[in-house]
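A.B. asks: Dropping in data28.txt, which is compact mmCIF, C-alpha atoms and all ligand atoms:
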# COMPACT_ATOMS: atom_id res chain seq x y z
CA MET A 17 -70.54 11.55 -3.42
CA ILE A 18 -67.17 9.81 -3.32
CA ASP A 19 -64.50 10.57 -0.71
CA LEU A 20 -60.98 10.19 -2.09
CA TYR A 21 -58.31 9.58 0.56
CA TYR A 22 -55.30 10.95 -1.16
CA TRP A 23 -51.77 12.29 -1.14
CA PRO A 24 -50.09 13.55 -4.34
CA THR A 25 -48.03 10.50 -5.29
CA PRO A 26 -48.08 8.19 -8.34
CA ASN A 27 -50.48 5.70 -6.72
CA GLY A 28 -52.69 8.55 -5.54
CA ASN A 29 -52.70 9.97 -9.06
CA LYS A 30 -54.16 6.79 -10.51
CA ALA A 31 -57.36 7.40 -8.53
CA SER A 32 -57.48 11.19 -9.03
CA ILE A 33 -56.97 10.81 -12.80
CA MET A 34 -59.69 8.16 -13.03
CA LEU A 35 -62.20 10.27 -11.06
CA GLU A 36 -61.48 13.21 -13.35
CA GLU A 37 -61.70 11.05 -16.49
CA CYS A 38 -65.07 9.67 -15.38
CA GLY A 39 -66.40 13.15 -14.54
CA LEU A 40 -67.43 11.99 -11.06
CA SER A 41 -67.71 14.54 -8.29
CA TYR A 42 -65.55 13.75 -5.30
CA ASN A 43 -64.38 15.17 -2.04
CA THR A 44 -60.63 14.98 -1.42
CA VAL A 45 -59.49 13.95 2.05
CA ALA A 46 -55.77 14.70 2.44
CA VAL A 47 -53.81 11.92 4.17
CA ASN A 48 -50.40 13.37 4.88
CA ILE A 49 -48.26 10.23 4.69
CA GLY A 50 -45.13 12.13 5.72
CA ARG A 51 -46.81 12.99 9.01
CA GLY A 52 -48.31 9.59 9.83
CA GLU A 53 -51.96 10.34 9.02
CA GLN A 54 -52.19 6.92 7.31
CA PHE A 55 -52.25 5.43 10.84
CA SER A 56 -55.41 7.15 12.03
CA ALA A 57 -58.13 4.72 13.12
CA GLU A 58 -60.55 6.22 10.60
CA PHE A 59 -58.15 5.67 7.71
CA LEU A 60 -57.04 2.20 8.78
CA ARG A 61 -60.67 1.06 8.83
CA ILE A 62 -60.80 1.89 5.12
CA SER A 63 -57.22 1.03 4.20
CA PRO A 64 -55.77 -1.60 6.58
CA ASN A 65 -52.47 -1.61 4.64
CA ASN A 66 -51.83 2.03 5.73
CA ARG A 67 -51.43 3.20 2.14
CA ILE A 68 -53.20 5.73 -0.05
CA PRO A 69 -55.26 5.89 -2.23
CA ALA A 70 -58.60 4.75 -0.85
CA ILE A 71 -62.17 5.73 -1.66
CA VAL A 72 -65.56 5.63 0.01
CA ASP A 73 -68.53 5.69 -2.35
CA HIS A 74 -71.37 6.69 -0.04
CA GLU A 75 -74.00 6.12 -2.73
CA ALA A 76 -73.06 2.43 -2.96
CA SER A 77 -71.97 2.05 0.71
CA ILE A 78 -68.59 0.69 -0.33
CA SER A 79 -65.03 1.52 0.67
CA LEU A 80 -61.97 0.36 -1.23
CA PHE A 81 -58.19 0.43 -0.94
CA GLU A 82 -55.58 -0.66 -3.57
CA SER A 83 -55.49 1.55 -6.64
CA GLY A 84 -56.16 -1.34 -9.05
CA ALA A 85 -59.36 -2.28 -7.23
CA ILE A 86 -60.40 1.39 -7.18
CA LEU A 87 -59.87 1.70 -10.94
CA ALA A 88 -61.79 -1.50 -11.67
CA TYR A 89 -64.65 -0.40 -9.40
CA LEU A 90 -64.95 3.07 -10.94
CA ALA A 91 -64.81 1.56 -14.43
CA GLU A 92 -67.64 -0.81 -13.53
CA LYS A 93 -69.64 1.95 -11.85
CA THR A 94 -69.45 4.29 -14.84
CA GLY A 95 -69.13 1.83 -17.73
CA LYS A 96 -66.02 3.74 -18.83
CA PHE A 97 -62.42 2.72 -19.66
CA MET A 98 -63.06 -1.03 -19.41
CA PRO A 99 -64.91 -2.89 -22.18
CA GLU A 100 -67.76 -5.28 -21.38
CA GLU A 101 -66.90 -8.02 -23.87
CA LEU A 102 -65.08 -10.91 -22.11
CA HIS A 103 -61.87 -11.04 -24.17
CA ALA A 104 -61.46 -7.28 -24.36
CA ARG A 105 -62.15 -6.90 -20.63
CA TYR A 106 -59.51 -9.45 -19.69
CA GLU A 107 -57.03 -7.84 -22.09
CA VAL A 108 -57.43 -4.74 -19.91
CA MET A 109 -57.37 -6.73 -16.67
CA GLN A 110 -54.11 -8.48 -17.45
CA TRP A 111 -52.36 -5.17 -18.19
CA LEU A 112 -53.88 -3.65 -15.08
CA PHE A 113 -52.50 -6.55 -13.00
CA TRP A 114 -49.21 -6.25 -14.88
CA GLN A 115 -48.96 -2.66 -13.69
CA MET A 116 -49.94 -3.50 -10.13
CA GLY A 117 -47.51 -6.40 -9.83
CA ASN A 118 -44.61 -5.08 -11.89
CA LEU A 119 -44.29 -1.46 -12.98
CA GLY A 120 -45.64 0.05 -9.74
CA PRO A 121 -43.62 -2.02 -7.23
CA MET A 122 -40.37 -1.93 -9.23
CA ALA A 123 -40.58 1.83 -9.86
CA GLY A 124 -41.47 2.33 -6.19
CA GLN A 125 -38.39 0.44 -5.03
CA LEU A 126 -36.22 2.25 -7.57
CA SER A 127 -37.54 5.56 -6.28
CA HIS A 128 -36.62 4.49 -2.76
CA PHE A 129 -33.02 3.69 -3.64
CA VAL A 130 -32.57 6.71 -5.95
CA ASN A 131 -34.31 9.34 -3.83
CA TYR A 132 -34.46 8.19 -0.22
CA ALA A 133 -31.79 5.65 0.73
CA PRO A 134 -29.53 7.20 3.40
CA GLU A 135 -26.46 5.97 1.54
CA PRO A 136 -25.93 4.63 -2.01
CA VAL A 137 -26.70 0.93 -2.36
CA PRO A 138 -25.35 0.22 -5.86
CA TYR A 139 -26.54 -3.39 -6.12
CA ALA A 140 -30.13 -2.53 -5.17
CA GLN A 141 -30.20 0.58 -7.33
CA GLN A 142 -28.88 -1.31 -10.36
CA ARG A 143 -31.36 -4.12 -9.81
CA TYR A 144 -34.36 -1.76 -9.84
CA GLU A 145 -32.95 0.44 -12.62
CA ASN A 146 -32.73 -2.68 -14.76
CA GLU A 147 -36.24 -3.77 -13.86
CA TYR A 148 -37.74 -0.33 -14.56
CA ASP A 149 -35.87 -0.19 -17.87
CA ARG A 150 -37.04 -3.71 -18.73
CA LEU A 151 -40.67 -2.83 -17.96
CA LEU A 152 -40.57 0.36 -20.03
CA GLY A 153 -39.18 -1.84 -22.81
CA VAL A 154 -42.11 -4.27 -22.41
CA MET A 155 -44.54 -1.36 -22.77
CA ASN A 156 -42.66 -0.01 -25.78
CA THR A 157 -42.87 -3.37 -27.55
CA ARG A 158 -46.54 -3.73 -26.67
CA LEU A 159 -47.22 -0.28 -28.14
CA GLU A 160 -45.51 -1.05 -31.45
CA ASP A 161 -48.76 -1.97 -33.19
CA ARG A 162 -51.41 -0.35 -30.98
CA GLU A 163 -52.15 3.04 -29.53
CA TYR A 164 -52.87 1.93 -25.97
CA LEU A 165 -51.90 -1.03 -23.82
CA ALA A 166 -55.13 -2.98 -24.26
CA GLY A 167 -57.24 -1.73 -27.16
CA ASP A 168 -58.85 1.64 -26.46
CA TYR A 169 -57.60 3.98 -23.72
CA SER A 170 -58.43 2.12 -20.51
CA ILE A 171 -57.75 1.71 -16.78
CA ALA A 172 -54.58 -0.20 -17.76
CA ASP A 173 -53.20 3.02 -19.25
CA ILE A 174 -54.47 5.13 -16.34
CA ALA A 175 -52.72 2.79 -13.88
CA SER A 176 -49.43 2.84 -15.79
CA PHE A 177 -49.21 6.53 -16.67
CA PRO A 178 -48.22 7.97 -13.25
CA TRP A 179 -45.30 5.57 -12.90
CA VAL A 180 -44.04 6.53 -16.35
CA MET A 181 -44.59 10.21 -15.49
CA SER A 182 -41.90 9.82 -12.79
CA TYR A 183 -39.28 8.73 -15.33
CA LYS A 184 -37.01 11.77 -14.88
CA ARG A 185 -36.86 11.42 -11.11
CA LEU A 186 -36.05 7.77 -11.66
CA GLY A 187 -33.19 8.57 -14.01
CA ALA A 188 -34.74 6.93 -17.10
CA ASP A 189 -34.53 8.16 -20.68
CA LEU A 190 -37.96 8.01 -22.34
CA ASP A 191 -36.58 9.01 -25.74
CA LYS A 192 -35.03 5.55 -25.94
CA PHE A 193 -38.59 4.21 -26.30
CA SER A 194 -40.29 5.93 -29.23
CA LYS A 195 -43.66 4.12 -29.01
CA LEU A 196 -43.83 4.63 -25.27
CA ARG A 197 -42.99 8.33 -25.73
CA ARG A 198 -45.90 8.65 -28.21
CA TRP A 199 -48.26 6.93 -25.71
CA PHE A 200 -47.00 9.10 -22.86
CA ASP A 201 -47.42 12.37 -24.77
CA ALA A 202 -50.95 11.41 -25.89
CA ILE A 203 -52.09 10.64 -22.35
CA LYS A 204 -50.34 13.66 -20.85
CA ALA A 205 -52.26 15.92 -23.24
CA ARG A 206 -55.67 14.80 -21.90
CA PRO A 207 -57.22 17.59 -19.80
CA ALA A 208 -58.63 15.13 -17.23
CA VAL A 209 -55.18 13.59 -16.78
CA GLN A 210 -53.71 17.04 -16.21
CA ARG A 211 -56.37 17.85 -13.62
CA GLY A 212 -55.90 14.52 -11.85
CA ALA A 213 -52.11 14.71 -11.86
CA ASP A 214 -52.31 18.28 -10.57
CA LEU A 215 -54.47 17.48 -7.56
CA GLY A 216 -52.57 18.55 -4.46
CA SER A 217 -49.60 19.96 -6.35
CA ASP A 218 -50.14 23.25 -4.52
CA TRP A 219 -50.42 21.68 -1.06
CA HIS A 220 -47.68 22.28 1.40
CA ARG A 221 -45.96 18.92 1.15
CA PRO A 222 -43.31 17.97 3.63
CA ASP A 223 -40.20 16.79 1.92
CA LEU A 224 -40.38 13.01 2.25
CA THR A 225 -36.70 13.06 3.06
CA ASP A 226 -37.13 15.20 6.18
CA GLU A 227 -36.36 13.49 9.44
CA GLU A 228 -39.97 13.12 10.60
CA ALA A 229 -41.12 11.70 7.25
CA ARG A 230 -38.21 9.28 7.11
CA LYS A 231 -39.15 7.98 10.55
CA VAL A 232 -42.78 7.51 9.55
CA LEU A 233 -42.24 6.01 6.11
CA PHE A 234 -39.04 4.03 6.06
CA GLY A 235 -38.26 1.02 8.18
CA GLN A 236 -41.93 0.19 8.89
CA ASN A 237 -42.45 -3.24 10.40
CA ALA A 238 -45.29 -4.99 12.22
CA ALA A 239 -44.32 -3.54 15.59
CA SER A 240 -43.79 0.02 14.32
CA ILE A 241 -47.12 0.20 12.49
CA ALA A 242 -48.95 -1.19 15.55
CA ALA A 243 -47.27 1.52 17.68
CA ALA A 244 -48.05 4.24 15.12
CA ALA A 245 -51.71 3.21 15.06
CA LYS A 246 -51.87 3.30 18.87
CA GLU A 247 -50.42 6.82 18.96
CA ARG A 248 -53.17 8.16 16.69
N1 LIG B 1 -50.41 -1.23 -4.02
C1 LIG B 1 -50.84 0.00 -3.43
C2 LIG B 1 -49.65 0.87 -3.13
C3 LIG B 1 -50.04 2.16 -2.44
C4 LIG B 1 -48.84 2.91 -1.91
O1 LIG B 1 -47.72 2.39 -1.87
N2 LIG B 1 -49.09 4.16 -1.48
C5 LIG B 1 -48.03 4.97 -0.87
C6 LIG B 1 -47.95 6.32 -1.57
S1 LIG B 1 -47.55 6.11 -3.29
C7 LIG B 1 -48.37 5.22 0.59
O2 LIG B 1 -49.51 5.42 0.94
N3 LIG B 1 -47.38 5.19 1.50
C8 LIG B 1 -47.61 5.39 2.90
C9 LIG B 1 -46.69 4.58 3.78
O3 LIG B 1 -45.69 4.05 3.26
O4 LIG B 1 -46.95 4.49 4.98
C10 LIG B 1 -51.80 0.71 -4.40
O5 LIG B 1 -51.56 0.63 -5.60
O6 LIG B 1 -52.78 1.33 -3.94
Since I need it in another form, could you write the structure as structure tokens?
Ligand SMILES: N[C@@H](CCC(=O)N[C@@H](CS)C(=O)NCC(=O)O)C(=O)O

C.D. replies:
Amino acid sequence: MIDLYYWPTPNGNKASIMLEECGLSYNTVAVNIGRGEQFSAEFLRISPNNRIPAIVDHEASISLFESGAILAYLAEKTGKFMPEELHARYEVMQWLFWQMGNLGPMAGQLSHFVNYAPEPVPYAQQRYENEYDRLLGVMNTRLEDREYLAGDYSIADIASFPWVMSYKRLGADLDKFSKLRRWFDAIKARPAVQRGADLGSDWHRPDLTDEEARKVLFGQNAASIAAAAKER
């Protein structure tokens, strides 16, 4: 059995979608990041960066944090969504790393300035709007002559999908990118993706802009996370 430490967010969805796609049975452990549960000693042992998602695969006695590592592990465990042949595998790996180092962080920062900044910061917002737009453009060009980012549907697509799914909240216009729109619609139609993206959608989620959540999530530094961990 696999324990999935999870909260319904784009990075959390990468792991829930992959578990659903692989048909693995898993037990969901809610980590309410708006209430500081990412600082519990139990969770920090598994995820020292105080971020979801994380998994524990009891069968293999392994625990993992970082969504990219989780995707690669589950792909290796099941033999699904990552080819074995060297060139094809590294085609997938480079797009997986591209997502982890580019699309995820830039969209995350854009989300911060669009949805959570206490006052408008036009320079920062513009900077991340441009980056998100640029990255959607990179995907669109990549998808001009292929259905998926790296050959067949793979963990590179699973990693990228949730951060494209947020496009409306991030103020982007997907219809500008016809190939990306085709890719997005195809992935969105997959039943496993729907189940994974739906996980936790009916939970009572605190608004991440409420005062308590803002205190927990925004303005973290070395001293504040050490104090938060001590409190738990
Ligand atoms: N690079 C990490 C990012 C994970 C991440 O940023 N998770 C957010 C939710 S999307 C989180 O747990 N935030 C809790 C916090 O900021 O304390 C990954 O891909 O797993």

A.B. asks: Report the distance between CA of Tyr106 in chain A and CA of Tyr164 in chain A in Å, rounded to one decimal place.

C.D. replies: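 The value is 14.6 Å.
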
A.B. asks: Which residues are near Ile18 in chain A? Cut-off 6 Å, all atoms listed in the file, ignore same chain within fewer than 6 positions. Put them as a list of chain:residue names.

C.D. replies: A:Tyr42, A:Val72, A:Asp73

A.B. asks: Can I get the residues close to ligand LIG 1 (chain B) as a list in words, where close means within 8 Å and we count all atoms listed in the file?

C.D. replies: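 The distance check yields Trp23, Pro24, Thr25, Pro26, Asn27, Gly28, Ile49, Gly50, Gly52, Gln54, Phe55, Asn66, Arg67, Ile68, Pro69, Ala70, Phe81, Glu82, Ser83, Gly84, Met116, Gly120, Pro121, Gly124, Val232, Leu233, Phe234 and Gln236 of chain A.
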
A.B. asks: Record the distance separating CA of Asp189 in chain A and CA of Asn29 in chain A, expressed in Å with one decimal.

C.D. replies: 21.6 Å

A.B. asks: Quick one: pull the distance between CA of Phe97 in chain A and CA of Trp111 in chain A, Å, one decimal.

C.D. replies: 12.9 Å

A.B. asks: Quick one: of A:Asn131, A:Ser63, A:Gln115, A:Ser170, who's nearest to Pro99 in chain A, counting all atoms listed in the file?

C.D. replies: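 Of A:Asn131, A:Ser63, A:Gln115, A:Ser170, the one nearest Pro99 in chain A is A:Ser170, counting all atoms listed in the file.
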
A.B. asks: Which residue is closest to Ser176 in chain A? Choose from A:Met98, A:Leu40, A:Ala239, A:Leu196 and count all atoms listed in the file.

C.D. replies: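 Ranking A:Met98, A:Leu40, A:Ala239, A:Leu196 by distance to Ser176 in chain A, first place goes to A:Leu196.
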
A.B. asks: For Ile203 in chain A, which of A:Tyr132, A:Phe59, A:Tyr169, A:Tyr148 is the closest residue, counting all atoms listed in the file?

C.D. replies: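 Checking each of A:Tyr132, A:Phe59, A:Tyr169, A:Tyr148 against Ile203 in chain A, counting all atoms listed in the file, the winner is A:Tyr169.
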
A.B. asks: Got a sec to check which residues sit within 9 Å of (-41.0, 6.1, -12.3), counting all atoms listed in the file, and write them as a list in words?

C.D. replies: Pro26, Leu119, Gly120, Met122, Ala123, Gly124, Leu126, Ser127, Tyr148, Pro178, Trp179, Val180, Met181, Ser182, Tyr183, Lys184, Arg185, Leu186, Gly187 and Ala188 of chain A

A.B. asks: Quick one: of A:Lys231, A:Glu107, A:Leu35, A:Met17, who's nearest to Ala76 in chain A, counting all atoms listed in the file?

C.D. replies: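 The shortest atom-to-atom distance to Ala76 in chain A comes from A:Met17.
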
A.B. asks: Between A:His128, A:Arg158, A:Lys246, A:Lys30, which has the minimum distance to Ala85 in chain A (counting only C-alpha atoms)?

C.D. replies: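 Among A:His128, A:Arg158, A:Lys246, A:Lys30, it is A:Lys30 that comes nearest to Ala85 in chain A.
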
A.B. asks: For His74 in chain A, which of A:Glu37, A:Asp19, A:Glu92, A:Glu101 is the closest residue, counting all atoms listed in the file?

C.D. replies: A:Asp19

A.B. asks: Please provide the set of residues having any atom within 10 Å of Pro207 in chain A, restricted to all atoms listed in the file, with same-chain residues fewer than 6 positions apart removed, written as number ranges by chain.

C.D. replies: A: 33, 36-37, 213
